[in-house]
>>> print(open('data-v1.cif').read())   # mmCIF, C-alpha atoms and all ligand atoms
data_data
loop_
_atom_site.label_atom_id
_atom_site.label_comp_id
_atom_site.auth_asym_id
_atom_site.auth_seq_id
_atom_site.Cartn_x
_atom_site.Cartn_y
_atom_site.Cartn_z
CA MET A 1 24.16 7.64 -0.38
CA ARG A 2 24.87 10.30 2.25
CA LEU A 3 25.36 9.03 5.79
CA ASP A 4 22.76 11.40 7.27
CA LYS A 5 20.14 10.38 4.69
CA LEU A 6 20.76 6.70 5.33
CA LEU A 7 20.43 7.12 9.09
CA SER A 8 17.29 9.17 8.68
CA ASN A 9 15.80 6.54 6.36
CA MET A 10 16.64 3.81 8.86
CA GLY A 11 14.58 5.52 11.53
CA TYR A 12 17.14 7.57 13.44
CA GLY A 13 15.01 10.69 13.16
CA SER A 14 14.99 13.78 11.01
CA ARG A 15 18.12 15.18 9.39
CA LYS A 16 18.33 17.50 12.43
CA ASP A 17 18.17 14.58 14.89
CA VAL A 18 20.80 12.73 12.89
CA LYS A 19 23.04 15.79 12.87
CA LEU A 20 22.91 15.78 16.66
CA LEU A 21 23.76 12.06 16.83
CA LEU A 22 26.76 12.70 14.62
CA LYS A 23 27.82 15.73 16.62
CA LYS A 24 27.73 13.70 19.81
CA ALA A 25 30.04 11.19 18.09
CA TYR A 26 27.61 8.30 18.40
CA VAL A 27 28.13 7.13 14.83
CA THR A 28 30.89 4.90 13.50
CA VAL A 29 31.44 3.74 9.96
CA ASN A 30 33.80 0.77 9.63
CA ASP A 31 34.88 1.45 13.22
CA VAL A 32 35.80 5.06 12.46
CA ARG A 33 33.85 7.68 14.41
CA LEU A 34 32.31 10.16 11.96
CA LYS A 35 30.74 13.53 12.58
CA ASP A 36 30.18 14.58 8.98
CA GLY A 37 26.75 13.54 7.64
CA SER A 38 27.63 14.34 4.06
CA VAL A 39 30.08 11.41 3.80
CA GLN A 40 29.10 9.00 1.03
CA ILE A 41 28.24 5.50 2.22
CA ASP A 42 27.94 2.23 0.36
CA PRO A 43 25.01 0.76 2.29
CA GLU A 44 25.71 -2.77 1.04
CA ARG A 45 29.32 -2.75 2.24
CA ASP A 46 29.98 -0.21 4.96
CA VAL A 47 29.36 -1.29 8.55
CA ILE A 48 27.57 1.42 10.50
CA HIS A 49 26.92 1.56 14.23
CA VAL A 50 24.91 4.10 16.20
CA ASP A 51 25.77 4.07 19.90
CA GLY A 52 27.12 0.54 19.46
CA GLU A 53 24.01 -0.72 17.66
CA ARG A 54 24.52 -2.14 14.15
CA VAL A 55 22.39 -0.32 11.57
CA LYS A 56 20.55 -2.76 9.34
CA TYR A 57 20.17 -1.23 5.91
CA GLU A 58 16.87 -1.75 4.15
CA LYS A 59 16.44 -0.67 0.57
CA HIS A 60 12.74 -1.35 0.33
CA VAL A 61 9.87 -0.42 2.53
CA TYR A 62 6.47 -2.14 2.63
CA ILE A 63 3.62 -0.36 4.35
CA LEU A 64 0.09 -1.55 4.98
CA MET A 65 -2.42 1.28 5.28
CA ASN A 66 -6.09 1.40 6.09
CA LYS A 67 -6.89 4.13 3.58
CA PRO A 68 -9.42 6.65 4.82
CA PRO A 69 -11.98 8.24 2.49
CA GLY A 70 -11.16 11.71 1.20
CA VAL A 71 -7.50 11.14 0.34
CA ILE A 72 -6.07 10.34 -3.05
CA SER A 73 -4.04 7.19 -3.66
CA ALA A 74 -1.25 8.94 -5.53
CA THR A 75 2.14 10.36 -4.60
CA GLU A 76 1.11 13.97 -5.19
CA ASP A 77 -1.95 15.99 -6.02
CA VAL A 78 -2.44 19.70 -6.55
CA ARG A 79 -5.72 19.89 -4.63
CA ASP A 80 -6.17 16.98 -2.26
CA ARG A 81 -4.19 15.26 0.45
CA THR A 82 -2.57 12.03 -0.68
CA VAL A 83 -1.90 8.79 1.15
CA ILE A 84 1.80 9.76 1.19
CA ASP A 85 0.95 12.89 3.22
CA LEU A 86 -0.36 10.59 5.97
CA LEU A 87 2.99 8.81 6.42
CA THR A 88 5.73 9.80 8.84
CA PRO A 89 8.76 11.62 7.38
CA GLU A 90 10.83 8.54 8.19
CA LEU A 91 8.69 6.43 5.84
CA GLN A 92 8.34 9.22 3.27
CA HIS A 93 12.14 9.20 2.92
CA PHE A 94 11.88 5.85 1.17
CA ALA A 95 9.78 7.45 -1.60
CA PRO A 96 7.01 4.84 -1.44
CA PHE A 97 4.08 4.85 -3.83
CA PRO A 98 0.66 3.19 -3.65
CA VAL A 99 0.34 -0.21 -5.31
CA GLY A 100 -2.74 0.19 -7.48
CA ARG A 101 -5.38 2.82 -6.96
CA LEU A 102 -8.36 3.13 -4.73
CA ASP A 103 -10.94 5.82 -5.47
CA LYS A 104 -10.98 8.89 -3.25
CA ASP A 105 -14.06 7.64 -1.43
CA THR A 106 -12.87 4.01 -1.13
CA GLU A 107 -11.44 2.79 2.15
CA GLY A 108 -9.31 -0.10 3.21
CA LEU A 109 -6.24 -2.06 2.31
CA LEU A 110 -3.57 -0.13 0.48
CA LEU A 111 -0.01 -1.32 0.12
CA LEU A 112 2.68 1.31 -0.26
CA THR A 113 6.19 0.40 -1.30
CA ASN A 114 9.23 1.54 -3.25
CA ASP A 115 9.72 -2.00 -4.59
CA GLY A 116 8.78 -1.60 -8.24
CA LYS A 117 9.15 -5.29 -9.01
CA LEU A 118 6.67 -6.41 -6.37
CA ALA A 119 4.30 -3.58 -7.30
CA HIS A 120 4.37 -4.75 -10.92
CA GLN A 121 3.67 -8.35 -9.93
CA LEU A 122 0.69 -7.28 -7.86
CA THR A 123 -0.86 -4.97 -10.44
CA SER A 124 0.05 -6.47 -13.81
CA PRO A 125 -2.97 -8.10 -15.48
CA ASN A 126 -0.71 -11.07 -16.34
CA TYR A 127 -0.46 -12.14 -12.70
CA HIS A 128 -4.24 -12.17 -11.96
CA VAL A 129 -3.79 -11.23 -8.30
CA PRO A 130 -7.21 -11.45 -6.60
CA LYS A 131 -8.51 -8.40 -4.76
CA THR A 132 -11.48 -8.66 -2.44
CA TYR A 133 -13.83 -5.77 -1.63
CA PHE A 134 -16.61 -5.38 0.88
CA ALA A 135 -19.40 -3.15 -0.39
CA THR A 136 -22.75 -1.81 0.62
CA VAL A 137 -24.96 -1.72 -2.44
CA GLN A 138 -28.24 0.05 -3.07
CA GLY A 139 -30.56 -2.56 -4.56
CA CYS A 140 -31.29 -6.21 -3.92
CA VAL A 141 -28.21 -8.23 -4.87
CA ASP A 142 -29.31 -11.80 -5.56
CA ALA A 143 -28.27 -15.15 -6.99
CA GLY A 144 -28.81 -13.77 -10.53
CA ASP A 145 -26.08 -11.20 -9.92
CA VAL A 146 -23.80 -13.90 -8.53
CA ALA A 147 -24.27 -15.85 -11.77
CA ARG A 148 -23.78 -12.77 -13.98
CA PHE A 149 -20.58 -11.75 -12.17
CA LYS A 150 -19.32 -15.33 -12.45
CA GLU A 151 -19.65 -15.12 -16.24
CA GLY A 152 -18.29 -11.60 -16.50
CA VAL A 153 -20.37 -8.47 -17.03
CA THR A 154 -20.23 -5.81 -19.73
CA LEU A 155 -19.12 -2.41 -18.48
CA ASP A 156 -20.35 0.93 -19.85
CA ASP A 157 -17.46 1.09 -22.34
CA GLY A 158 -18.23 -2.39 -23.73
CA TYR A 159 -15.42 -4.15 -21.85
CA VAL A 160 -16.39 -7.62 -20.65
CA THR A 161 -14.87 -8.30 -17.24
CA LYS A 162 -13.15 -11.49 -16.18
CA PRO A 163 -15.23 -13.62 -13.81
CA GLY A 164 -15.81 -12.09 -10.40
CA GLU A 165 -16.68 -14.07 -7.29
CA LEU A 166 -19.63 -12.44 -5.61
CA VAL A 167 -20.71 -13.45 -2.12
CA VAL A 168 -23.96 -11.95 -0.84
CA LEU A 169 -23.73 -11.28 2.89
CA LYS A 170 -27.06 -9.49 3.20
CA SER A 171 -29.74 -9.08 0.55
CA GLY A 172 -32.41 -6.38 0.77
CA THR A 173 -33.16 -2.87 -0.48
CA VAL A 174 -29.62 -2.24 0.69
CA SER A 175 -27.32 -5.25 0.31
CA GLU A 176 -23.91 -6.16 1.65
CA ILE A 177 -21.50 -8.16 -0.43
CA GLU A 178 -17.94 -9.31 -0.90
CA LEU A 179 -16.57 -9.32 -4.42
CA THR A 180 -13.27 -10.79 -5.56
CA ILE A 181 -11.86 -9.70 -8.90
CA THR A 182 -8.54 -10.28 -10.60
CA GLU A 183 -8.41 -7.07 -12.62
CA GLY A 184 -8.16 -3.41 -11.78
CA LYS A 185 -10.11 -1.42 -14.33
CA PHE A 186 -11.04 2.15 -13.49
CA HIS A 187 -13.91 2.15 -10.90
CA GLN A 188 -14.31 -1.53 -11.65
CA VAL A 189 -16.43 -2.64 -8.70
CA LYS A 190 -18.77 0.35 -8.98
CA ARG A 191 -19.14 -0.14 -12.72
CA MET A 192 -19.78 -3.88 -12.36
CA PHE A 193 -22.74 -3.08 -10.11
CA GLU A 194 -23.92 -0.31 -12.44
CA SER A 195 -24.02 -2.94 -15.19
CA VAL A 196 -26.67 -4.78 -13.16
CA ASP A 197 -28.51 -1.53 -12.30
CA LYS A 198 -27.27 -1.22 -8.73
CA LYS A 199 -25.21 1.38 -6.95
CA VAL A 200 -22.23 0.93 -4.65
CA VAL A 201 -22.65 3.34 -1.73
CA TYR A 202 -19.71 2.17 0.38
CA LEU A 203 -16.56 0.38 -0.73
CA LYS A 204 -13.67 -1.05 1.23
CA ARG A 205 -10.83 -3.28 0.03
CA ILE A 206 -10.21 -6.09 2.49
CA ARG A 207 -7.69 -8.32 0.72
CA MET A 208 -5.04 -8.26 -1.99
CA GLY A 209 -3.36 -11.56 -2.86
CA ASN A 210 -2.42 -13.12 0.46
CA LEU A 211 -2.43 -9.81 2.29
CA LYS A 212 -5.44 -9.01 4.50
CA LEU A 213 -6.52 -5.67 5.87
CA ASP A 214 -5.47 -5.39 9.51
CA GLU A 215 -8.75 -4.44 11.18
CA GLN A 216 -6.76 -3.13 14.17
CA LEU A 217 -5.58 -0.26 11.99
CA LYS A 218 -7.93 2.65 12.28
CA LEU A 219 -8.78 4.66 9.17
CA GLY A 220 -5.62 6.49 8.12
CA GLY A 221 -3.51 4.13 10.23
CA PHE A 222 -0.53 2.30 8.79
CA ARG A 223 2.32 0.02 9.77
CA ARG A 224 5.18 -1.84 8.15
CA LEU A 225 4.38 -5.31 6.83
CA THR A 226 5.58 -8.17 9.02
CA GLU A 227 8.14 -10.55 7.52
CA ALA A 228 5.43 -13.24 7.31
CA GLU A 229 3.06 -10.91 5.44
CA LEU A 230 5.78 -9.91 3.01
CA GLU A 231 6.70 -13.51 2.34
CA ALA A 232 3.06 -14.50 1.82
CA LEU A 233 2.49 -11.57 -0.49
CA SER A 234 5.59 -12.27 -2.56
CA ASN A 235 4.35 -15.84 -3.09
CA LYS A 236 0.96 -14.33 -3.90
N1 LIG B 1 -13.35 -0.56 -7.73
C1 LIG B 1 -13.90 0.65 -7.60
O1 LIG B 1 -14.93 0.93 -8.16
N2 LIG B 1 -13.26 1.56 -6.83
C2 LIG B 1 -12.12 1.30 -6.17
O2 LIG B 1 -11.60 2.16 -5.47
C3 LIG B 1 -11.57 0.02 -6.31
C4 LIG B 1 -12.18 -0.89 -7.10
#
>>> encode(input="data-v1.cif", output="C-alpha cells")
Amino acid sequence: MRLDKLLSNMGYGSRKDVKLLLKKAYVTVNDVRLKDGSVQIDPERDVIHVDGERVKYEKHVYILMNKPPGVISATEDVRDRTVIDLLTPELQHFAPFPVGRLDKDTEGLLLLTNDGKLAHQLTSPNYHVPKTYFATVQGCVDAGDVARFKEGVTLDDGYVTKPGELVVLKSGTVSEIELTITEGKFHQVKRMFESVDKKVVYLKRIRMGNLKLDEQLKLGGFRRLTEAELEALSNK
C-alpha cells in the first residue's frame, strides 16, 4: 500500500494534508525520514512514525450510524444519496459498506464496515442474529398479534416467517411496538404487519445482536465502534 494512502486512511488528513506532512519531513518509516508518498509500505511490518508518534495500522473499520430517512443503505446509487456519502473522506477511504439493508425511510442503527467476515456472520440466516425495531403502527396491535408473530406469519409471497418477539408499548388506533426478528427478508417488518392488516408508519432499528443504537447520535450521525462494542458484537 502507498505510504500516503495509509496515512490518509489512518486519519492524518486528505492526500493533500499528507503530502504536506511528508514535505515537512515529519514522517519516518523504519527510522528513515521519507518525503515520497508513493513509496510502497507493508503495513504489517514497517514501523511508521508521524512527528514521533507511532502510527497504528488498522485494516478494518467499524462504524455505528444513526441512519436518517431519505438515504439509501448502499455504497452507491444513481439517484439518491447513500449512507457512504454521509461519512468523512477519512472513513470512506476504508471502503466500508452497510451491513444489511434498511429501507430508505427507515431510521436507526446501521453498522458499516469493510470486514466481510463479520458482515457475513451478522447477516447470514445461519447465525440467527436478532434485530430489534421500534415501530409506530396504524391499527390496534394486541395480544393476538403477539401470539401470531410468535408462531410466525405468512407474508404476501407465501413465506412463513420465523418467530418474532413482539412487545406492545402502546395499543390504540396508532400503536407503538418493539419487534425482534432473526431474519432479514425484504421489507420484513412492514410485511409482517401487513399480514395482520396493519401498517407501519415509522420504523427505526434499535439493536442488532449485542450492539445498541447510541441515542446520543443524531440522525445522520456516526462514530467508530468502541472496543467493547466490537467485542460484544463479535461474540454476538
Ligand atoms: N423491515 C422493514 O420493513 N424495513 C426495514 O428497513 C428493515 C426491516
>>> residues_near_ligand(input="data-v1.cif", ligand="ligand LIG 1 (chain B)", cutoff="12 Å", atoms="only C-alpha atoms and all ligand atoms", output="short mmCIF file (atom, residue, chain, number, x, y, z; two decimals) with C-alpha atoms, in the coordinates of the input")
data_model
loop_
_atom_site.label_atom_id
_atom_site.label_comp_id
_atom_site.auth_asym_id
_atom_site.auth_seq_id
_atom_site.Cartn_x
_atom_site.Cartn_y
_atom_site.Cartn_z
CA LYS A 67 -6.89 4.13 3.58
CA PRO A 68 -9.42 6.65 4.82
CA PRO A 69 -11.98 8.24 2.49
CA GLY A 70 -11.16 11.71 1.20
CA VAL A 71 -7.50 11.14 0.34
CA ILE A 72 -6.07 10.34 -3.05
CA SER A 73 -4.04 7.19 -3.66
CA VAL A 99 0.34 -0.21 -5.31
CA GLY A 100 -2.74 0.19 -7.48
CA ARG A 101 -5.38 2.82 -6.96
CA LEU A 102 -8.36 3.13 -4.73
CA ASP A 103 -10.94 5.82 -5.47
CA LYS A 104 -10.98 8.89 -3.25
CA ASP A 105 -14.06 7.64 -1.43
CA THR A 106 -12.87 4.01 -1.13
CA GLU A 107 -11.44 2.79 2.15
CA GLY A 108 -9.31 -0.10 3.21
CA LEU A 109 -6.24 -2.06 2.31
CA LEU A 110 -3.57 -0.13 0.48
CA PRO A 130 -7.21 -11.45 -6.60
CA LYS A 131 -8.51 -8.40 -4.76
CA THR A 132 -11.48 -8.66 -2.44
CA TYR A 133 -13.83 -5.77 -1.63
CA PHE A 134 -16.61 -5.38 0.88
CA ALA A 135 -19.40 -3.15 -0.39
CA VAL A 137 -24.96 -1.72 -2.44
CA LEU A 155 -19.12 -2.41 -18.48
CA GLU A 178 -17.94 -9.31 -0.90
CA LEU A 179 -16.57 -9.32 -4.42
CA THR A 180 -13.27 -10.79 -5.56
CA ILE A 181 -11.86 -9.70 -8.90
CA THR A 182 -8.54 -10.28 -10.60
CA GLU A 183 -8.41 -7.07 -12.62
CA GLY A 184 -8.16 -3.41 -11.78
CA LYS A 185 -10.11 -1.42 -14.33
CA PHE A 186 -11.04 2.15 -13.49
CA HIS A 187 -13.91 2.15 -10.90
CA GLN A 188 -14.31 -1.53 -11.65
CA VAL A 189 -16.43 -2.64 -8.70
CA LYS A 190 -18.77 0.35 -8.98
CA ARG A 191 -19.14 -0.14 -12.72
CA MET A 192 -19.78 -3.88 -12.36
CA PHE A 193 -22.74 -3.08 -10.11
CA GLU A 194 -23.92 -0.31 -12.44
CA LYS A 199 -25.21 1.38 -6.95
CA VAL A 200 -22.23 0.93 -4.65
CA VAL A 201 -22.65 3.34 -1.73
CA TYR A 202 -19.71 2.17 0.38
CA LEU A 203 -16.56 0.38 -0.73
CA LYS A 204 -13.67 -1.05 1.23
CA ARG A 205 -10.83 -3.28 0.03
CA ILE A 206 -10.21 -6.09 2.49
CA ARG A 207 -7.69 -8.32 0.72
CA MET A 208 -5.04 -8.26 -1.99
#
>>> closest_residue(input="data-v1.cif", among="A:Gly144, A:Pro43, A:Gly164, A:Pro89", to="A:Arg15", atoms="only C-alpha atoms")
A:Pro89
>>> residues_around(input="data-v1.cif", residues="stretch 47-54 of chain A", least_positions_apart="4", cutoff="6 Å", atoms="all atoms listed in the file", output="PyMOL selection string")
chain A and resi 26-30
>>> atom_distance(input="data-v1.cif", atom1="atom CA of A:Val83", atom2="atom CA of A:Pro98")
7.8 Å
>>> residues_near_point(input="data-v1.cif", point="(8.9, 9.7, 3.8)", cutoff="12 Å", atoms="all atoms listed in the file", output="list of chain:residue names")
A:Lys5, A:Ser8, A:Asn9, A:Met10, A:Gly11, A:Gly13, A:Ser14, A:Val61, A:Ile63, A:Thr75, A:Val83, A:Ile84, A:Asp85, A:Leu86, A:Leu87, A:Thr88, A:Pro89, A:Glu90, A:Leu91, A:Gln92, A:His93, A:Phe94, A:Ala95, A:Pro96, A:Phe97, A:Leu112, A:Thr113, A:Asn114
>>> write_last_selection(input="data-v1.cif", atoms="C-alpha atoms", output="CSV table (one decimal), in the coordinates of the input")
chain,number,residue,atom,x,y,z
A,5,LYS,CA,20.1,10.4,4.7
A,8,SER,CA,17.3,9.2,8.7
A,9,ASN,CA,15.8,6.5,6.4
A,10,MET,CA,16.6,3.8,8.9
A,11,GLY,CA,14.6,5.5,11.5
A,13,GLY,CA,15.0,10.7,13.2
A,14,SER,CA,15.0,13.8,11.0
A,61,VAL,CA,9.9,-0.4,2.5
A,63,ILE,CA,3.6,-0.4,4.4
A,75,THR,CA,2.1,10.4,-4.6
A,83,VAL,CA,-1.9,8.8,1.2
A,84,ILE,CA,1.8,9.8,1.2
A,85,ASP,CA,1.0,12.9,3.2
A,86,LEU,CA,-0.4,10.6,6.0
A,87,LEU,CA,3.0,8.8,6.4
A,88,THR,CA,5.7,9.8,8.8
A,89,PRO,CA,8.8,11.6,7.4
A,90,GLU,CA,10.8,8.5,8.2
A,91,LEU,CA,8.7,6.4,5.8
A,92,GLN,CA,8.3,9.2,3.3
A,93,HIS,CA,12.1,9.2,2.9
A,94,PHE,CA,11.9,5.8,1.2
A,95,ALA,CA,9.8,7.4,-1.6
A,96,PRO,CA,7.0,4.8,-1.4
A,97,PHE,CA,4.1,4.8,-3.8
A,112,LEU,CA,2.7,1.3,-0.3
A,113,THR,CA,6.2,0.4,-1.3
A,114,ASN,CA,9.2,1.5,-3.2
>>> closest_residue(input="data-v1.cif", among="A:Gly220, A:His128, A:Leu34, A:Leu3", to="A:Tyr57", atoms="only C-alpha atoms")
A:Leu3
>>> atom_distance(input="data-v1.cif", atom1="atom CA of A:Tyr12", atom2="atom CA of A:Leu118")
26.4 Å
>>> atom_distance(input="data-v1.cif", atom1="atom CA of A:Lys218", atom2="atom CA of A:Asn66")
6.6 Å
>>> residues_around(input="data-v1.cif", residues="A:Glu227", least_positions_apart="4", cutoff="12 Å", atoms="all atoms listed in the file", output="NGL selection string")
:A and (61-63 or 211 or 231-234)
>>> build_atoms(input="data-v1.cif", residues="stretch 108-126 of chain A", atoms="N, CA and C atoms", output="PDB file, in the frame of the given file")
ATOM      1  N   GLY A 108      -9.837   1.244   3.011  1.00  0.00           N
ATOM      2  CA  GLY A 108      -9.310  -0.100   3.210  1.00  0.00           C
ATOM      3  C   GLY A 108      -7.889  -0.332   2.778  1.00  0.00           C
ATOM      4  N   LEU A 109      -7.614  -1.593   2.502  1.00  0.00           N
ATOM      5  CA  LEU A 109      -6.240  -2.060   2.310  1.00  0.00           C
ATOM      6  C   LEU A 109      -5.522  -1.360   1.151  1.00  0.00           C
ATOM      7  N   LEU A 110      -4.437  -0.712   1.506  1.00  0.00           N
ATOM      8  CA  LEU A 110      -3.570  -0.130   0.480  1.00  0.00           C
ATOM      9  C   LEU A 110      -2.140  -0.453   0.853  1.00  0.00           C
ATOM     10  N   LEU A 111      -1.428  -1.041  -0.095  1.00  0.00           N
ATOM     11  CA  LEU A 111      -0.010  -1.320   0.120  1.00  0.00           C
ATOM     12  C   LEU A 111       0.789  -0.183  -0.481  1.00  0.00           C
ATOM     13  N   LEU A 112       1.783   0.280   0.265  1.00  0.00           N
ATOM     14  CA  LEU A 112       2.680   1.310  -0.260  1.00  0.00           C
ATOM     15  C   LEU A 112       4.096   0.759  -0.202  1.00  0.00           C
ATOM     16  N   THR A 113       4.819   0.926  -1.266  1.00  0.00           N
ATOM     17  CA  THR A 113       6.190   0.400  -1.300  1.00  0.00           C
ATOM     18  C   THR A 113       7.027   1.211  -2.287  1.00  0.00           C
ATOM     19  N   ASN A 114       8.346   0.998  -2.211  1.00  0.00           N
ATOM     20  CA  ASN A 114       9.230   1.540  -3.250  1.00  0.00           C
ATOM     21  C   ASN A 114       9.835   0.378  -4.040  1.00  0.00           C
ATOM     22  N   ASP A 115       9.247  -0.808  -3.892  1.00  0.00           N
ATOM     23  CA  ASP A 115       9.720  -2.000  -4.590  1.00  0.00           C
ATOM     24  C   ASP A 115       8.916  -2.141  -5.886  1.00  0.00           C
ATOM     25  N   GLY A 116       9.485  -1.632  -6.957  1.00  0.00           N
ATOM     26  CA  GLY A 116       8.780  -1.600  -8.240  1.00  0.00           C
ATOM     27  C   GLY A 116       8.466  -2.988  -8.772  1.00  0.00           C
ATOM     28  N   LYS A 117       9.351  -3.931  -8.484  1.00  0.00           N
ATOM     29  CA  LYS A 117       9.150  -5.290  -9.010  1.00  0.00           C
ATOM     30  C   LYS A 117       7.920  -5.933  -8.377  1.00  0.00           C
ATOM     31  N   LEU A 118       7.827  -5.828  -7.053  1.00  0.00           N
ATOM     32  CA  LEU A 118       6.670  -6.410  -6.370  1.00  0.00           C
ATOM     33  C   LEU A 118       5.386  -5.677  -6.791  1.00  0.00           C
ATOM     34  N   ALA A 119       5.475  -4.361  -6.899  1.00  0.00           N
ATOM     35  CA  ALA A 119       4.300  -3.580  -7.300  1.00  0.00           C
ATOM     36  C   ALA A 119       3.809  -4.041  -8.677  1.00  0.00           C
ATOM     37  N   HIS A 120       4.750  -4.292  -9.575  1.00  0.00           N
ATOM     38  CA  HIS A 120       4.370  -4.750 -10.920  1.00  0.00           C
ATOM     39  C   HIS A 120       3.682  -6.108 -10.847  1.00  0.00           C
ATOM     40  N   GLN A 121       4.255  -6.998 -10.028  1.00  0.00           N
ATOM     41  CA  GLN A 121       3.670  -8.350  -9.930  1.00  0.00           C
ATOM     42  C   GLN A 121       2.253  -8.297  -9.356  1.00  0.00           C
ATOM     43  N   LEU A 122       2.012  -7.346  -8.495  1.00  0.00           N
ATOM     44  CA  LEU A 122       0.690  -7.280  -7.860  1.00  0.00           C
ATOM     45  C   LEU A 122      -0.352  -6.576  -8.722  1.00  0.00           C
ATOM     46  N   THR A 123       0.111  -5.757  -9.660  1.00  0.00           N
ATOM     47  CA  THR A 123      -0.860  -4.970 -10.440  1.00  0.00           C
ATOM     48  C   THR A 123      -0.939  -5.394 -11.912  1.00  0.00           C
ATOM     49  N   SER A 124       0.071  -6.098 -12.390  1.00  0.00           N
ATOM     50  CA  SER A 124       0.050  -6.470 -13.810  1.00  0.00           C
ATOM     51  C   SER A 124      -1.102  -7.438 -14.082  1.00  0.00           C
ATOM     52  N   PRO A 125      -1.848  -7.199 -15.165  1.00  0.00           N
ATOM     53  CA  PRO A 125      -2.970  -8.100 -15.480  1.00  0.00           C
ATOM     54  C   PRO A 125      -2.490  -9.540 -15.711  1.00  0.00           C
ATOM     55  N   ASN A 126      -1.219  -9.709 -16.061  1.00  0.00           N
ATOM     56  CA  ASN A 126      -0.710 -11.070 -16.340  1.00  0.00           C
ATOM     57  C   ASN A 126      -0.660 -11.953 -15.102  1.00  0.00           C
TER      58      ASN A 126
END
